[in-house]
Every structure is written in C-alpha cells, then in structure tokens.
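Working notes, structure below.
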Amino acid sequence: MITCTRCGNETWASELVTRGGPVMLAGPHGTAPQPVVARVCTACGYIELYGPQPIVDQPAVSEATTAQNVPATAPAPLH
Ligand SMILES: [Zn+2]
C-alpha cells in the first residue's frame, strides 16, 4: 500500500487520460512508450506521478494493462 505523503491516507492507482488516450512516457532507449501511473489521494487530492515500470519486473501488471487498453503498444507509424 502506498500512503499519501501529505496526509497519510491510502492512495489508489490511476492513469492520466486525455481524449486521445492515456498520457504516455517514452521509455529508455529501445522501449515503447507506456502510460504514466498516478497515485491519487481522495482525502486531500494530492497526486503523485510514477514512470512506467519495466515489464520484466511486473508481468502480471503489464498483462492486465494490455487487456484493458489497445493491444498494440507501439506507436502508429507516421507517413
Ligand atoms: Zn492525502
């Protein structure tokens, strides 16, 4: 459990979402962009942002994320 650094209440995980889709953070060299993770405190409104976690470290999380979002994580090629 990650607690709020401001008030100590429990936070919950979410994504930053726009009308065009989730806000992505370009990964290290050679890796596809992945969604930014937000930890939100509903008690005081404090939000912390976390960069994408390496897929190899958390396979279960990456599978769940893939199932909920567009299957292809690679950006569409530009013309
Ligand atoms: Zn808080």
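In the structure tokens, chains take the letters A, B, ... in the order shown, each chain's residues start at 1, and ligands count up from 1 in the order shown.
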Neighbours of ligand 1 at 9 Å or closer, counting only C-alpha atoms and all ligand atoms: which residues, as a PDB file with N, CA and C atoms, in the first residue's frame?
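In the end it all went to selection_27.pdb:
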```pdb
ATOM      1  N   THR A   3       0.946   5.162   0.790  1.00  0.00           N
ATOM      2  CA  THR A   3       0.176   6.171   1.513  1.00  0.00           C
ATOM      3  C   THR A   3       0.527   7.564   1.008  1.00  0.00           C
ATOM      4  N   CYS A   4      -0.404   8.473   1.219  1.00  0.00           N
ATOM      5  CA  CYS A   4      -0.220   9.852   0.801  1.00  0.00           C
ATOM      6  C   CYS A   4       0.895  10.491   1.613  1.00  0.00           C
ATOM      7  N   THR A   5       1.798  11.174   0.917  1.00  0.00           N
ATOM      8  CA  THR A   5       2.912  11.813   1.623  1.00  0.00           C
ATOM      9  C   THR A   5       2.475  13.089   2.341  1.00  0.00           C
ATOM     10  N   ARG A   6       1.281  13.577   2.020  1.00  0.00           N
ATOM     11  CA  ARG A   6       0.809  14.813   2.638  1.00  0.00           C
ATOM     12  C   ARG A   6      -0.045  14.533   3.869  1.00  0.00           C
ATOM     13  N   CYS A   7      -0.988  13.580   3.745  1.00  0.00           N
ATOM     14  CA  CYS A   7      -1.911  13.356   4.861  1.00  0.00           C
ATOM     15  C   CYS A   7      -1.878  11.938   5.406  1.00  0.00           C
ATOM     16  N   GLY A   8      -1.202  11.019   4.713  1.00  0.00           N
ATOM     17  CA  GLY A   8      -1.039   9.672   5.249  1.00  0.00           C
ATOM     18  C   GLY A   8      -2.149   8.701   4.902  1.00  0.00           C
ATOM     19  N   ASN A   9      -3.171   9.155   4.185  1.00  0.00           N
ATOM     20  CA  ASN A   9      -4.240   8.236   3.801  1.00  0.00           C
ATOM     21  C   ASN A   9      -3.790   7.337   2.650  1.00  0.00           C
ATOM     22  N   GLU A  10      -4.556   6.266   2.466  1.00  0.00           N
ATOM     23  CA  GLU A  10      -4.229   5.337   1.391  1.00  0.00           C
ATOM     24  C   GLU A  10      -4.510   5.973   0.030  1.00  0.00           C
ATOM     25  N   THR A  11      -3.625   5.705  -0.930  1.00  0.00           N
ATOM     26  CA  THR A  11      -3.823   6.215  -2.281  1.00  0.00           C
ATOM     27  C   THR A  11      -4.263   5.076  -3.194  1.00  0.00           C
ATOM     28  N   VAL A  40      -3.339   8.560  -6.459  1.00  0.00           N
ATOM     29  CA  VAL A  40      -4.241   9.639  -6.102  1.00  0.00           C
ATOM     30  C   VAL A  40      -4.738   9.466  -4.670  1.00  0.00           C
ATOM     31  N   CYS A  41      -4.690  10.544  -3.892  1.00  0.00           N
ATOM     32  CA  CYS A  41      -5.252  10.540  -2.545  1.00  0.00           C
ATOM     33  C   CYS A  41      -6.626  11.209  -2.607  1.00  0.00           C
ATOM     34  N   THR A  42      -7.668  10.446  -2.254  1.00  0.00           N
ATOM     35  CA  THR A  42      -9.016  11.006  -2.317  1.00  0.00           C
ATOM     36  C   THR A  42      -9.333  11.850  -1.086  1.00  0.00           C
ATOM     37  N   ALA A  43      -8.481  11.781  -0.060  1.00  0.00           N
ATOM     38  CA  ALA A  43      -8.738  12.549   1.153  1.00  0.00           C
ATOM     39  C   ALA A  43      -8.357  14.015   0.984  1.00  0.00           C
ATOM     40  N   CYS A  44      -7.184  14.259   0.369  1.00  0.00           N
ATOM     41  CA  CYS A  44      -6.725  15.643   0.263  1.00  0.00           C
ATOM     42  C   CYS A  44      -6.479  16.074  -1.187  1.00  0.00           C
ATOM     43  N   GLY A  45      -6.582  15.131  -2.123  1.00  0.00           N
ATOM     44  CA  GLY A  45      -6.429  15.491  -3.518  1.00  0.00           C
ATOM     45  C   GLY A  45      -5.005  15.476  -4.025  1.00  0.00           C
ATOM     46  N   TYR A  46      -4.091  15.039  -3.199  1.00  0.00           N
ATOM     47  CA  TYR A  46      -2.688  15.022  -3.607  1.00  0.00           C
ATOM     48  C   TYR A  46      -2.457  13.911  -4.627  1.00  0.00           C
ATOM     49  N   ILE A  47      -1.669  14.206  -5.659  1.00  0.00           N
ATOM     50  CA  ILE A  47      -1.382  13.228  -6.707  1.00  0.00           C
ATOM     51  C   ILE A  47       0.125  13.117  -6.895  1.00  0.00           C
TER      52      ILE A  47
END
```
Hey, which of A:His79, A:Tyr50, A:Val36, A:Met1 ends up closest to Val17 of chain A? Count only C-alpha atoms.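 Looking only at the distances to Val17 of chain A, the closest residue turns out to be A:Val36.
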Could you work out how far atom CA of Arg19 of chain A lies from atom CA of Ile2 of chain A, giving the answer in Å with one decimal?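 Distance reported for this atom pair: 28.0 Å.
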Using only C-alpha atoms, which residue out of A:Gly30, A:Gly51, A:Pro35, A:Pro77 lies closest to Glu15 of chain A? A:Pro35
Quick check, in Å to one decimal: how far apart do atom CA of Val23 of chain A and atom CA of Leu78 of chain A lie? 18.7 Å
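When atom CA of Glu48 of chain A is paired with atom CA of Pro22 of chain A, their separation reads 16.0 Å.
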